[in-house]
>>> print(open('my_file22.csv').read())   # CSV, C-alpha atoms
chain,number,residue,atom,x,y,z
A,1,MET,CA,22.6,17.3,8.8
A,2,ASN,CA,24.1,16.8,12.3
A,3,LYS,CA,26.0,13.5,11.8
A,4,GLU,CA,26.3,12.9,15.6
A,5,VAL,CA,22.5,13.2,16.0
A,6,VAL,CA,21.8,10.8,13.2
A,7,LYS,CA,24.4,8.4,14.6
A,8,SER,CA,22.6,8.5,18.0
A,9,GLN,CA,19.2,8.1,16.4
A,10,GLN,CA,20.5,5.1,14.4
A,11,ILE,CA,21.7,3.4,17.6
A,12,ASP,CA,18.3,3.8,19.1
A,13,LEU,CA,16.6,2.5,15.9
A,14,LEU,CA,18.7,-0.6,15.8
A,15,ASP,CA,18.2,-1.2,19.5
A,16,ARG,CA,14.4,-1.2,18.9
A,17,LEU,CA,14.9,-4.0,16.3
A,18,SER,CA,16.0,-6.3,19.1
A,19,LYS,CA,12.8,-5.8,21.1
A,20,GLU,CA,9.7,-7.8,20.7
A,21,SER,CA,6.3,-6.4,19.9
A,22,GLU,CA,3.1,-7.9,21.4
A,23,GLY,CA,2.4,-11.3,19.8
A,24,ASN,CA,-1.3,-12.0,19.6
A,25,LYS,CA,-1.6,-14.2,16.5
A,26,LYS,CA,-3.7,-17.3,17.1
A,27,ALA,CA,-4.0,-20.5,15.1
A,28,ASP,CA,-7.3,-21.1,13.3
A,29,LEU,CA,-7.9,-24.8,13.1
A,30,GLU,CA,-11.2,-24.4,11.2
A,31,LEU,CA,-9.4,-22.4,8.5
A,32,TYR,CA,-6.6,-24.9,8.3
A,33,ALA,CA,-9.1,-27.7,7.8
A,34,LYS,CA,-10.9,-25.9,5.0
A,35,VAL,CA,-7.7,-24.9,3.3
A,36,ALA,CA,-6.5,-28.5,3.4
A,37,ALA,CA,-9.8,-29.7,2.0
A,38,PHE,CA,-9.6,-27.2,-0.9
A,39,CYS,CA,-6.0,-28.1,-1.7
A,40,GLY,CA,-7.2,-31.8,-1.9
A,41,PHE,CA,-9.6,-31.2,-4.8
A,42,GLN,CA,-8.5,-32.0,-8.3
A,43,ASP,CA,-7.7,-29.1,-10.5
A,44,GLN,CA,-10.3,-30.0,-13.1
A,45,ILE,CA,-13.2,-29.9,-10.7
A,46,ILE,CA,-12.0,-26.5,-9.2
A,47,LEU,CA,-11.7,-25.2,-12.8
A,48,GLU,CA,-15.3,-26.3,-13.6
A,49,VAL,CA,-16.9,-24.9,-10.5
A,50,LEU,CA,-14.9,-21.7,-9.8
A,51,GLY,CA,-12.9,-20.9,-12.9
A,52,LYS,CA,-9.2,-20.7,-13.7
A,53,HIS,CA,-8.4,-18.0,-11.1
A,54,ALA,CA,-9.3,-20.4,-8.3
A,55,LEU,CA,-6.4,-22.5,-9.4
A,56,GLY,CA,-4.2,-19.6,-8.5
A,57,LEU,CA,-5.6,-19.8,-5.0
A,58,LYS,CA,-4.7,-23.5,-4.9
A,59,ARG,CA,-1.1,-22.8,-6.1
A,60,PHE,CA,-0.8,-20.1,-3.4
A,61,LEU,CA,-2.1,-22.3,-0.6
A,62,GLN,CA,0.1,-25.2,-1.7
A,63,GLU,CA,3.3,-23.1,-1.9
A,64,ILE,CA,3.1,-21.1,1.3
A,65,ASP,CA,4.0,-22.0,4.9
A,66,ARG,CA,0.5,-22.1,6.3
A,67,GLU,CA,1.8,-22.1,9.9
A,68,HIS,CA,3.0,-18.5,9.5
A,69,PRO,CA,1.1,-16.8,12.4
A,70,GLU,CA,-0.1,-14.0,10.1
A,71,PHE,CA,-1.7,-16.4,7.5
A,72,PRO,CA,-5.1,-16.8,9.2
A,73,GLU,CA,-5.6,-13.0,9.5
A,74,TRP,CA,-4.5,-12.3,5.9
A,75,MET,CA,-6.7,-15.2,4.6
A,76,HIS,CA,-9.7,-13.9,6.4
A,77,SER,CA,-9.1,-10.4,4.9
A,78,ARG,CA,-9.3,-11.9,1.4
A,79,LEU,CA,-11.8,-14.7,1.9
A,80,SER,CA,-14.0,-15.1,5.0
A,81,ILE,CA,-14.2,-18.4,6.7
A,82,SER,CA,-18.0,-18.7,6.0
A,83,LEU,CA,-17.4,-18.0,2.3
A,84,LEU,CA,-14.5,-20.4,2.2
A,85,LYS,CA,-16.7,-23.0,3.8
A,86,ASP,CA,-19.4,-22.4,1.2
A,87,VAL,CA,-16.8,-22.7,-1.6
A,88,VAL,CA,-15.3,-25.9,-0.2
A,89,ASP,CA,-18.8,-27.4,0.3
A,90,THR,CA,-19.8,-26.4,-3.2
A,91,VAL,CA,-16.8,-27.9,-4.8
A,92,ASP,CA,-17.1,-31.0,-2.6
A,93,VAL,CA,-20.7,-31.5,-3.8
A,94,ALA,CA,-19.7,-30.9,-7.4
A,95,ALA,CA,-16.9,-33.5,-7.1
A,96,TYR,CA,-19.3,-36.0,-5.6
A,97,ILE,CA,-21.9,-35.5,-8.4
A,98,ARG,CA,-19.2,-35.7,-11.1
A,99,ASN,CA,-17.7,-38.8,-9.7
A,100,SER,CA,-21.0,-40.6,-9.0
A,101,SER,CA,-23.2,-39.8,-11.9
A,102,ASN,CA,-21.4,-37.5,-14.3
A,103,ASN,CA,-24.4,-35.1,-14.1
A,104,THR,CA,-23.0,-32.0,-15.8
A,105,VAL,CA,-26.4,-30.3,-15.5
A,106,LEU,CA,-26.2,-30.1,-11.7
A,107,VAL,CA,-22.6,-29.0,-11.9
A,108,ASP,CA,-23.7,-26.1,-14.1
A,109,GLN,CA,-26.3,-25.2,-11.6
A,110,ILE,CA,-23.8,-25.1,-8.8
A,111,LYS,CA,-21.6,-22.8,-10.8
A,112,LYS,CA,-24.4,-20.3,-10.8
A,113,CYS,CA,-24.6,-20.0,-7.0
A,114,GLN,CA,-24.1,-16.5,-5.9
A,115,HIS,CA,-21.6,-17.3,-3.1
A,116,VAL,CA,-19.4,-19.2,-5.6
A,117,GLN,CA,-19.3,-16.2,-7.9
A,118,MET,CA,-18.4,-14.0,-4.9
A,119,GLY,CA,-15.7,-16.5,-4.1
A,120,TYR,CA,-14.4,-16.3,-7.6
A,121,LYS,CA,-14.0,-12.5,-7.4
A,122,SER,CA,-12.3,-12.7,-4.0
A,123,MET,CA,-9.8,-15.2,-5.4
A,124,ALA,CA,-9.1,-13.5,-8.7
A,125,ASN,CA,-5.9,-11.8,-7.7
A,126,ILE,CA,-4.3,-14.6,-5.6
A,127,ASP,CA,-1.6,-16.7,-7.1
A,128,SER,CA,1.8,-18.3,-6.2
A,129,PRO,CA,4.0,-15.7,-4.4
A,130,SER,CA,6.9,-17.0,-6.4
A,131,VAL,CA,5.1,-15.7,-9.5
A,132,THR,CA,3.4,-12.5,-8.3
A,133,LEU,CA,6.1,-11.6,-5.7
A,134,ASN,CA,3.3,-10.7,-3.3
A,135,GLN,CA,2.9,-12.1,0.2
A,136,THR,CA,6.4,-13.6,-0.1
A,137,ARG,CA,6.7,-13.5,3.7
A,138,PHE,CA,4.5,-16.6,3.7
A,139,LEU,CA,7.0,-18.6,1.7
A,140,PRO,CA,9.3,-21.2,3.2
A,141,LYS,CA,12.7,-19.8,3.9
A,142,ASP,CA,14.4,-21.6,1.0
A,143,LYS,CA,12.0,-19.9,-1.4
A,144,LEU,CA,11.8,-16.5,0.2
A,145,GLU,CA,15.2,-15.3,-0.8
A,146,LEU,CA,14.8,-16.5,-4.4
A,147,ALA,CA,11.5,-14.6,-4.7
A,148,ARG,CA,13.0,-11.4,-3.3
A,149,GLY,CA,15.9,-11.7,-5.6
A,150,MET,CA,13.5,-11.1,-8.6
A,151,LYS,CA,12.8,-7.5,-7.5
A,152,ARG,CA,14.7,-4.8,-9.3
A,153,THR,CA,16.1,-1.3,-8.5
A,154,GLN,CA,13.6,1.5,-9.1
A,155,THR,CA,13.5,5.2,-8.8
A,156,VAL,CA,11.3,7.1,-6.2
A,157,GLY,CA,9.2,9.8,-7.8
A,158,LEU,CA,8.9,13.2,-6.1
A,159,ARG,CA,6.1,14.4,-8.4
A,160,ILE,CA,3.7,14.9,-5.6
A,161,PHE,CA,5.9,17.6,-4.1
A,162,TYR,CA,6.6,19.1,-7.5
A,163,ASN,CA,2.9,19.4,-8.1
A,164,ARG,CA,1.9,20.7,-4.7
A,165,GLY,CA,4.7,23.1,-4.2
A,166,LYS,CA,7.3,24.1,-1.7
A,167,GLU,CA,4.9,24.3,1.3
A,168,VAL,CA,4.2,20.6,1.2
A,169,PHE,CA,7.9,19.7,1.0
A,170,ASP,CA,8.7,22.0,3.9
A,171,SER,CA,5.9,20.5,6.0
A,172,GLN,CA,7.7,17.2,6.1
A,173,PRO,CA,9.4,16.3,9.4
A,174,ASN,CA,13.1,17.0,9.8
A,175,ASP,CA,13.9,13.4,10.5
A,176,LEU,CA,12.3,10.0,10.6
A,177,MET,CA,12.2,9.5,14.3
A,178,ASP,CA,8.4,10.0,14.4
A,179,TYR,CA,8.2,6.8,12.4
A,180,ALA,CA,10.6,4.9,14.7
A,181,ARG,CA,9.5,1.5,15.8
A,182,PHE,CA,7.1,1.6,18.8
A,183,GLU,CA,6.4,5.3,18.3
A,184,ASP,CA,2.8,6.5,18.0
A,185,ARG,CA,2.5,9.6,15.8
A,186,TYR,CA,-1.1,10.0,16.9
A,187,LYS,CA,-0.5,9.8,20.7
A,188,LYS,CA,-0.2,13.5,21.2
A,189,GLU,CA,-3.3,14.3,19.1
A,190,ILE,CA,-5.3,11.7,21.1
A,191,GLU,CA,-4.1,13.1,24.4
A,192,ILE,CA,-5.1,16.7,23.3
A,193,ALA,CA,-8.5,15.5,22.2
A,194,LYS,CA,-9.1,13.7,25.5
A,195,GLY,CA,-8.2,16.9,27.3
A,196,ARG,CA,-10.8,18.8,25.3
A,197,LEU,CA,-13.4,16.0,26.0
A,198,GLU,CA,-13.2,16.2,29.8
A,199,PRO,CA,-14.9,19.6,30.4
A,200,TYR,CA,-17.7,18.7,27.9
A,201,GLU,CA,-18.4,15.5,29.8
A,202,LYS,CA,-18.2,17.2,33.1
A,203,TYR,CA,-20.9,19.7,32.3
A,204,GLY,CA,-23.1,17.2,30.4
A,205,LEU,CA,-22.6,18.8,26.9
A,206,THR,CA,-23.5,15.5,25.2
A,207,SER,CA,-23.5,16.7,21.5
A,208,MET,CA,-20.0,18.1,21.7
A,209,SER,CA,-18.6,15.2,23.7
A,210,GLU,CA,-19.9,12.7,21.2
A,211,VAL,CA,-18.2,14.6,18.3
A,212,ILE,CA,-14.9,14.6,20.2
A,213,GLN,CA,-15.3,10.9,21.2
A,214,ALA,CA,-15.9,10.1,17.5
A,215,SER,CA,-12.7,12.0,16.5
A,216,ILE,CA,-10.7,10.2,19.3
A,217,LYS,CA,-12.0,6.8,18.0
A,218,GLU,CA,-11.0,7.7,14.5
A,219,LEU,CA,-7.5,8.7,15.6
A,220,GLU,CA,-7.1,5.5,17.6
A,221,LEU,CA,-8.2,3.4,14.6
A,222,LYS,CA,-5.9,5.2,12.3
A,223,SER,CA,-3.0,4.7,14.7
A,224,LYS,CA,-3.7,1.0,14.9
A,225,SER,CA,-4.0,0.7,11.1
A,226,GLU,CA,-0.6,2.3,10.6
A,227,HIS,CA,1.3,0.0,13.0
A,228,TYR,CA,2.6,-3.4,12.2
A,229,MET,CA,4.8,-5.3,14.7
A,230,GLY,CA,5.6,-2.0,16.2
A,231,PHE,CA,6.7,-0.5,12.9
A,232,ASN,CA,5.1,2.7,11.5
A,233,LYS,CA,3.7,2.9,8.0
A,234,VAL,CA,5.2,5.7,5.8
A,235,SER,CA,5.1,6.5,2.1
A,236,MET,CA,8.2,6.1,-0.1
A,237,THR,CA,7.7,9.8,-1.2
A,238,SER,CA,7.7,11.0,2.4
A,239,VAL,CA,10.9,9.1,3.3
A,240,ALA,CA,12.7,10.4,0.2
A,241,ALA,CA,11.7,14.0,1.0
A,242,ILE,CA,12.6,13.7,4.7
A,243,LEU,CA,16.1,12.3,3.8
A,244,ALA,CA,16.6,15.1,1.4
A,245,LYS,CA,15.8,17.7,4.1
A,246,MET,CA,18.2,15.9,6.4
A,247,MET,CA,20.9,16.4,3.8
A,248,GLY,CA,20.2,20.1,3.4
A,249,ALA,CA,18.2,19.8,0.2
A,250,ILE,CA,17.0,23.0,-1.6
A,251,TYR,CA,13.6,23.2,-3.2
A,252,ASP,CA,13.8,25.5,-6.2
A,253,SER,CA,11.6,26.0,-9.2
A,254,GLY,CA,9.7,22.8,-8.6
A,255,ARG,CA,12.8,20.6,-8.2
A,256,VAL,CA,14.8,19.3,-5.2
A,257,TYR,CA,18.6,19.8,-5.3
A,258,VAL,CA,21.2,18.4,-2.9
A,259,GLU,CA,24.6,20.1,-2.7
A,260,MET,CA,27.2,17.3,-2.2
A,261,SER,CA,30.8,18.5,-1.9
A,262,LEU,CA,31.9,15.0,-2.8
A,263,TRP,CA,30.4,15.3,-6.2
A,264,SER,CA,31.2,19.0,-6.8
A,265,GLN,CA,33.8,18.3,-9.5
A,266,LYS,CA,32.3,15.2,-10.9
A,267,VAL,CA,28.8,16.3,-12.0
A,268,THR,CA,27.3,19.4,-13.5
A,269,ALA,CA,24.8,21.6,-11.6
A,270,GLN,CA,22.0,20.2,-13.7
A,271,GLU,CA,22.9,16.6,-12.6
A,272,LYS,CA,22.6,17.5,-9.0
A,273,GLU,CA,18.9,17.1,-9.0
A,274,TYR,CA,17.9,14.8,-6.1
A,275,ALA,CA,16.7,11.5,-7.5
A,276,PRO,CA,16.5,8.8,-4.7
A,277,VAL,CA,16.8,5.2,-5.8
A,278,LEU,CA,15.2,2.1,-4.2
A,279,HIS,CA,17.4,-1.0,-4.1
A,280,PRO,CA,16.3,-4.5,-3.1
A,281,TRP,CA,18.1,-5.7,0.1
A,282,CYS,CA,19.7,-8.6,-1.8
A,283,PHE,CA,21.5,-6.0,-4.1
A,284,VAL,CA,22.8,-4.0,-1.2
A,285,LYS,CA,23.7,-6.9,1.1
A,286,PRO,CA,27.1,-7.6,-0.4
A,287,HIS,CA,28.1,-4.1,0.6
A,288,ALA,CA,26.8,-4.3,4.1
A,289,SER,CA,28.7,-5.0,7.3
A,290,GLN,CA,28.1,-8.4,9.0
A,291,LYS,CA,26.5,-6.6,12.0
A,292,THR,CA,24.0,-4.9,9.6
A,293,ILE,CA,23.2,-8.1,7.9
A,294,ASP,CA,22.5,-9.8,11.2
A,295,GLN,CA,20.2,-6.9,12.3
A,296,ILE,CA,18.2,-6.8,9.1
A,297,GLU,CA,17.9,-10.5,8.6
A,298,ARG,CA,16.5,-10.8,12.1
A,299,LEU,CA,13.3,-9.5,10.6
A,300,ASP,CA,13.0,-12.8,8.7
A,301,ALA,CA,12.9,-14.7,12.0
A,302,LEU,CA,11.0,-12.6,14.5
A,303,PRO,CA,10.3,-14.5,17.7
A,304,GLU,CA,6.8,-13.0,17.9
A,305,LEU,CA,6.0,-14.6,14.5
A,306,SER,CA,7.4,-18.0,15.5
A,307,GLY,CA,10.7,-17.3,13.7
A,308,ARG,CA,9.1,-16.3,10.4
A,309,ALA,CA,9.4,-13.3,8.2
A,310,ALA,CA,7.7,-10.0,9.0
A,311,PHE,CA,7.9,-8.4,5.5
A,312,ASP,CA,7.5,-9.5,1.9
A,313,HIS,CA,10.4,-7.4,0.8
A,314,ILE,CA,13.2,-5.3,2.4
A,315,TRP,CA,14.2,-2.1,0.5
A,316,VAL,CA,17.1,0.3,0.9
A,317,LEU,CA,16.4,3.8,-0.2
A,318,LEU,CA,19.7,5.5,-1.1
A,319,PRO,CA,20.2,9.1,-2.2
A,320,SER,CA,21.4,9.7,-5.7
A,321,PHE,CA,21.4,12.3,-8.5
A,322,ASN,CA,19.3,12.5,-11.7
A,323,THR,CA,22.0,11.0,-13.9
A,324,GLU,CA,21.5,8.8,-16.9
A,325,ARG,CA,21.0,5.2,-15.8
A,326,GLY,CA,21.4,2.0,-17.7
A,327,THR,CA,18.8,-0.4,-19.0
A,328,GLY,CA,17.8,-1.6,-15.6
A,329,SER,CA,19.5,-4.9,-16.1
A,330,LYS,CA,20.6,-6.9,-13.0
A,331,GLN,CA,24.3,-6.4,-13.7
A,332,TYR,CA,23.9,-2.6,-14.2
A,333,ASP,CA,21.8,-2.2,-11.0
A,334,ARG,CA,24.5,-3.9,-8.9
A,335,LEU,CA,27.2,-1.6,-10.4
A,336,GLU,CA,25.0,1.5,-9.8
A,337,ILE,CA,24.8,0.6,-6.1
A,338,ILE,CA,28.5,1.2,-5.7
A,339,SER,CA,28.0,4.8,-7.0
A,340,ASP,CA,25.1,5.4,-4.6
A,341,LEU,CA,26.9,3.9,-1.6
A,342,THR,CA,29.8,6.2,-2.3
A,343,LEU,CA,27.8,9.1,-0.9
A,344,ILE,CA,27.0,7.1,2.3
A,345,LYS,CA,30.6,6.0,2.9
A,346,ALA,CA,31.8,9.5,2.5
A,347,GLU,CA,29.4,10.5,5.4
A,348,ASP,CA,27.7,13.0,3.1
A,349,ALA,CA,24.3,11.3,3.0
A,350,VAL,CA,21.9,9.0,4.8
A,351,GLY,CA,19.5,6.4,3.4
A,352,ALA,CA,16.7,4.4,4.9
A,353,VAL,CA,15.8,0.7,5.3
A,354,LEU,CA,12.2,0.0,4.6
A,355,GLY,CA,9.9,-3.1,5.0
A,356,ASP,CA,7.2,-3.8,2.4
A,357,LYS,CA,4.1,-5.8,3.5
A,358,ASP,CA,1.2,-6.2,1.1
A,359,GLY,CA,2.3,-3.1,-0.8
A,360,GLN,CA,2.5,-0.9,2.4
A,361,VAL,CA,5.9,0.4,3.5
A,362,TYR,CA,7.2,0.6,7.0
A,363,PHE,CA,10.3,2.5,8.3
A,364,ILE,CA,12.9,0.2,9.9
A,365,CYS,CA,16.1,2.3,10.4
A,366,TYR,CA,18.5,4.6,8.7
A,367,TRP,CA,21.3,3.4,6.3
A,368,THR,CA,24.5,5.2,7.4
A,369,ARG,CA,28.2,4.7,6.7
A,370,GLU,CA,28.3,2.4,9.8
A,371,CYS,CA,26.0,0.0,7.8
A,372,CYS,CA,28.6,-0.4,5.0
A,373,ALA,CA,31.3,-3.1,4.9
>>> encode(input="my_file22.csv", output="C-alpha cells")
Amino acid sequence: MNKEVVKSQQIDLLDRLSKESEGNKKADLELYAKVAAFCGFQDQIILEVLGKHALGLKRFLQEIDREHPEFPEWMHSRLSISLLKDVVDTVDVAAYIRNSSNNTVLVDQIKKCQHVQMGYKSMANIDSPSVTLNQTRFLPKDKLELARGMKRTQTVGLRIFYNRGKEVFDSQPNDLMDYARFEDRYKKEIEIAKGRLEPYEKYGLTSMSEVIQASIKELELKSKSEHYMGFNKVSMTSVAAILAKMMGAIYDSGRVYVEMSLWSQKVTAQEKEYAPVLHPWCFVKPHASQKTIDQIERLDALPELSGRAAFDHIWVLLPSFNTERGTGSKQYDRLEIISDLTLIKAEDAVGAVLGDKDGQVYFICYWTRECCA
C-alpha cells in the first residue's frame, strides 16, 4: 500500500463531501394531507379495518420528521398515493359507520375490500424507526443519535470469496476510488456502447442498433440506481476485500491473510487471518479527530436535504484479525475498537467510512490515521 497515494485520495474524498449534489426533491402536499388524515384516526378503527400492522405505520408516521425531502419518494415506494387514498377513505367510511350506527356488518364488508388487503401487506413491515432501527434518517435529530446508538459491532464475512476462489478476490479493484462520490463506474461502458452504436445507426442496421440501445439504457438505469446524493453503492464484502488488497493481503487456501509487522510478535500465524469488523460511528467517534467528526456529521445536515440526514446509519469498517472476541456487549465492543484502531494509528492499515440507507451501503471515504484523535 502506497501511503502517500492513499493520503492524496483521502484528501480528494473529503473534499467531495463538502460539495453539493443535485437537489430535486419536491414536497407532495397531497401525500402530506393523506398522512395527516391517517394519523388522525383512532387506533381502534385502524385495527378493525386494516389490522395490527397498520398501527405500526401510524407509529412510524407519528414519529418521523415528515418534512424530510426524501420522505415522499420513500413513502411512494412503499405505498402509492392512490392506494393510500383508498386506505384513508376506507378507514374514514368505517369510522363514520361505527360512530353513527355501530353497524359492524358494514365494517366487516369494508375489511374485505381488495385494496385494503393490499394496503395491509404493503404496511406489514413498517414500524417506528426507534424500534426497527430502519429509516432512522427520517427521525428528528434528538432521536436520531439515540436510535443509531442501539446498533452493535459486527464482523464482515468473506465467505463469498472463499466459496468462489482466488480469481474473484483478485478481480476486485486495487482501491475504492471507483466508488468515490460523484464518480460513475458505468460511464466508460456507456461511452464504449455509444461508440459501437454509431456505425449501426449510420448504415440503418436497425436490429443491432436496437440491441445496443437497450444495453445502453440498462447501463444508464443501473448507474442511476447505484447512486445516492452522489455516493456510490457498494457491498460490505467488496469493501473488505478491496481494503485487504490495499494492505497487501495474501489469498491462500481459501483464506485471506494480512501480514502486519506491528502484530508480528503479538499474534500467532493462525491469528493473522484477515477478519474486518464493522463498528457503528458512535463507537468510533470518541477516537476521532474533531475535523473528522465535523466532516462525517455534515452528512446529517446536508444542504440539499434541507439540513437533514442522508443515511440511516454510519459505519466504520476497520481491519482486524480473526482473534477470539467477547460476548458482543457494548462495553467489550468499545474496548475492541482501541485494538482495531491501533493498526490505523500505526499507519499499517486503512479502513472505510460507509453510509447505510434502507439496507444499501454507500462508500463515503477512507479511515486513515489522520482521522484518529
>>> atom_distance(input="my_file22.csv", atom1="atom CA of Val258 of chain A", atom2="atom CA of Lys285 of chain A")
25.7 Å
>>> residues_around(input="my_file22.csv", residues="Ala27 of chain A", least_positions_apart="5", cutoff="12 Å", atoms="all atoms listed in the file", output="PyMOL selection string")
chain A and resi 32-33+66-73+305-306
>>> residues_around(input="my_file22.csv", residues="Leu317 of chain A", least_positions_apart="5", cutoff="10 Å", atoms="only C-alpha atoms", output="JSON, numbers by chain")
{"A": [153, 154, 155, 156, 236, 239, 240, 243, 276, 277, 278, 279, 280, 281, 340, 350, 351, 352, 353, 354, 366, 367]}
>>> closest_residue(input="my_file22.csv", among="A:Tyr96, A:Phe60, A:Tyr179, A:Tyr186", to="Ser130 of chain A", atoms="all atoms listed in the file")
A:Phe60
>>> residues_around(input="my_file22.csv", residues="Gly230 of chain A", least_positions_apart="3", cutoff="8 Å", atoms="all atoms listed in the file", output="list in words")
Ser21, Arg181, Phe182, Glu183 and His227 of chain A
>>> atom_distance(input="my_file22.csv", atom1="atom CA of Glu370 of chain A", atom2="atom CA of Ser320 of chain A")
18.5 Å
>>> residues_around(input="my_file22.csv", residues="segment 140-149 of chain A", least_positions_apart="3", cutoff="7 Å", atoms="all atoms listed in the file", output="mmCIF file with C-alpha atoms, in the coordinates of the input")
data_model
loop_
_atom_site.group_PDB
_atom_site.id
_atom_site.type_symbol
_atom_site.label_atom_id
_atom_site.label_comp_id
_atom_site.auth_asym_id
_atom_site.auth_seq_id
_atom_site.Cartn_x
_atom_site.Cartn_y
_atom_site.Cartn_z
ATOM 1 C CA ILE A 64 3.100 -21.100 1.300
ATOM 2 C CA ASP A 65 4.000 -22.000 4.900
ATOM 3 C CA SER A 130 6.900 -17.000 -6.400
ATOM 4 C CA LEU A 133 6.100 -11.600 -5.700
ATOM 5 C CA THR A 136 6.400 -13.600 -0.100
ATOM 6 C CA ARG A 137 6.700 -13.500 3.700
ATOM 7 C CA CYS A 282 19.700 -8.600 -1.800
ATOM 8 C CA HIS A 313 10.400 -7.400 0.800
#
>>> atom_distance(input="my_file22.csv", atom1="atom CA of Phe231 of chain A", atom2="atom CA of Met247 of chain A")
23.9 Å
>>> closest_residue(input="my_file22.csv", among="A:Asp89, A:Glu218, A:Glu30, A:Asp175", to="Ser238 of chain A", atoms="all atoms listed in the file")
A:Asp175
>>> closest_residue(input="my_file22.csv", among="A:Cys371, A:Tyr200, A:Gly56, A:Ala241", to="Ile160 of chain A", atoms="all atoms listed in the file")
A:Ala241
>>> closest_residue(input="my_file22.csv", among="A:Leu31, A:Met177, A:Leu57, A:Val49", to="Ser82 of chain A", atoms="only C-alpha atoms")
A:Leu31
>>> closest_residue(input="my_file22.csv", among="A:Pro199, A:Phe283, A:Lys217, A:Ala180", to="Gln10 of chain A", atoms="all atoms listed in the file")
A:Ala180
>>> closest_residue(input="my_file22.csv", among="A:Lys52, A:Glu201, A:Ser289, A:Ser215", to="Asn125 of chain A", atoms="all atoms listed in the file")
A:Lys52
>>> build_atoms(input="my_file22.csv", residues="segment 38-50 of chain A", atoms="N, CA and C atoms", output="PDB file, keeping the file's coordinate frame")
ATOM      1  N   PHE A  38      -9.629 -27.798   0.440  1.00  0.00           N
ATOM      2  CA  PHE A  38      -9.600 -27.200  -0.900  1.00  0.00           C
ATOM      3  C   PHE A  38      -8.406 -27.623  -1.685  1.00  0.00           C
ATOM      4  N   CYS A  39      -7.244 -27.705  -1.038  1.00  0.00           N
ATOM      5  CA  CYS A  39      -6.000 -28.100  -1.700  1.00  0.00           C
ATOM      6  C   CYS A  39      -6.121 -29.597  -2.184  1.00  0.00           C
ATOM      7  N   GLY A  40      -7.025 -30.350  -1.539  1.00  0.00           N
ATOM      8  CA  GLY A  40      -7.200 -31.800  -1.900  1.00  0.00           C
ATOM      9  C   GLY A  40      -8.018 -32.016  -3.118  1.00  0.00           C
ATOM     10  N   PHE A  41      -8.751 -31.002  -3.585  1.00  0.00           N
ATOM     11  CA  PHE A  41      -9.600 -31.200  -4.800  1.00  0.00           C
ATOM     12  C   PHE A  41      -8.730 -31.223  -6.041  1.00  0.00           C
ATOM     13  N   GLN A  42      -9.208 -31.965  -7.016  1.00  0.00           N
ATOM     14  CA  GLN A  42      -8.500 -32.000  -8.300  1.00  0.00           C
ATOM     15  C   GLN A  42      -8.671 -30.693  -9.034  1.00  0.00           C
ATOM     16  N   ASP A  43      -7.649 -30.361  -9.816  1.00  0.00           N
ATOM     17  CA  ASP A  43      -7.700 -29.100 -10.500  1.00  0.00           C
ATOM     18  C   ASP A  43      -8.861 -28.978 -11.470  1.00  0.00           C
ATOM     19  N   GLN A  44      -9.238 -30.080 -12.084  1.00  0.00           N
ATOM     20  CA  GLN A  44     -10.300 -30.000 -13.100  1.00  0.00           C
ATOM     21  C   GLN A  44     -11.637 -29.631 -12.459  1.00  0.00           C
ATOM     22  N   ILE A  45     -11.956 -30.181 -11.284  1.00  0.00           N
ATOM     23  CA  ILE A  45     -13.200 -29.900 -10.700  1.00  0.00           C
ATOM     24  C   ILE A  45     -13.247 -28.420 -10.155  1.00  0.00           C
ATOM     25  N   ILE A  46     -12.099 -27.933  -9.657  1.00  0.00           N
ATOM     26  CA  ILE A  46     -12.000 -26.500  -9.200  1.00  0.00           C
ATOM     27  C   ILE A  46     -12.193 -25.623 -10.438  1.00  0.00           C
ATOM     28  N   LEU A  47     -11.600 -26.001 -11.552  1.00  0.00           N
ATOM     29  CA  LEU A  47     -11.700 -25.200 -12.800  1.00  0.00           C
ATOM     30  C   LEU A  47     -13.159 -25.138 -13.243  1.00  0.00           C
ATOM     31  N   GLU A  48     -13.878 -26.246 -13.174  1.00  0.00           N
ATOM     32  CA  GLU A  48     -15.300 -26.300 -13.600  1.00  0.00           C
ATOM     33  C   GLU A  48     -16.198 -25.461 -12.749  1.00  0.00           C
ATOM     34  N   VAL A  49     -15.973 -25.521 -11.451  1.00  0.00           N
ATOM     35  CA  VAL A  49     -16.900 -24.900 -10.500  1.00  0.00           C
ATOM     36  C   VAL A  49     -16.569 -23.408 -10.302  1.00  0.00           C
ATOM     37  N   LEU A  50     -15.280 -23.088 -10.139  1.00  0.00           N
ATOM     38  CA  LEU A  50     -14.900 -21.700  -9.800  1.00  0.00           C
ATOM     39  C   LEU A  50     -14.175 -20.948 -10.850  1.00  0.00           C
TER      40      LEU A  50
END
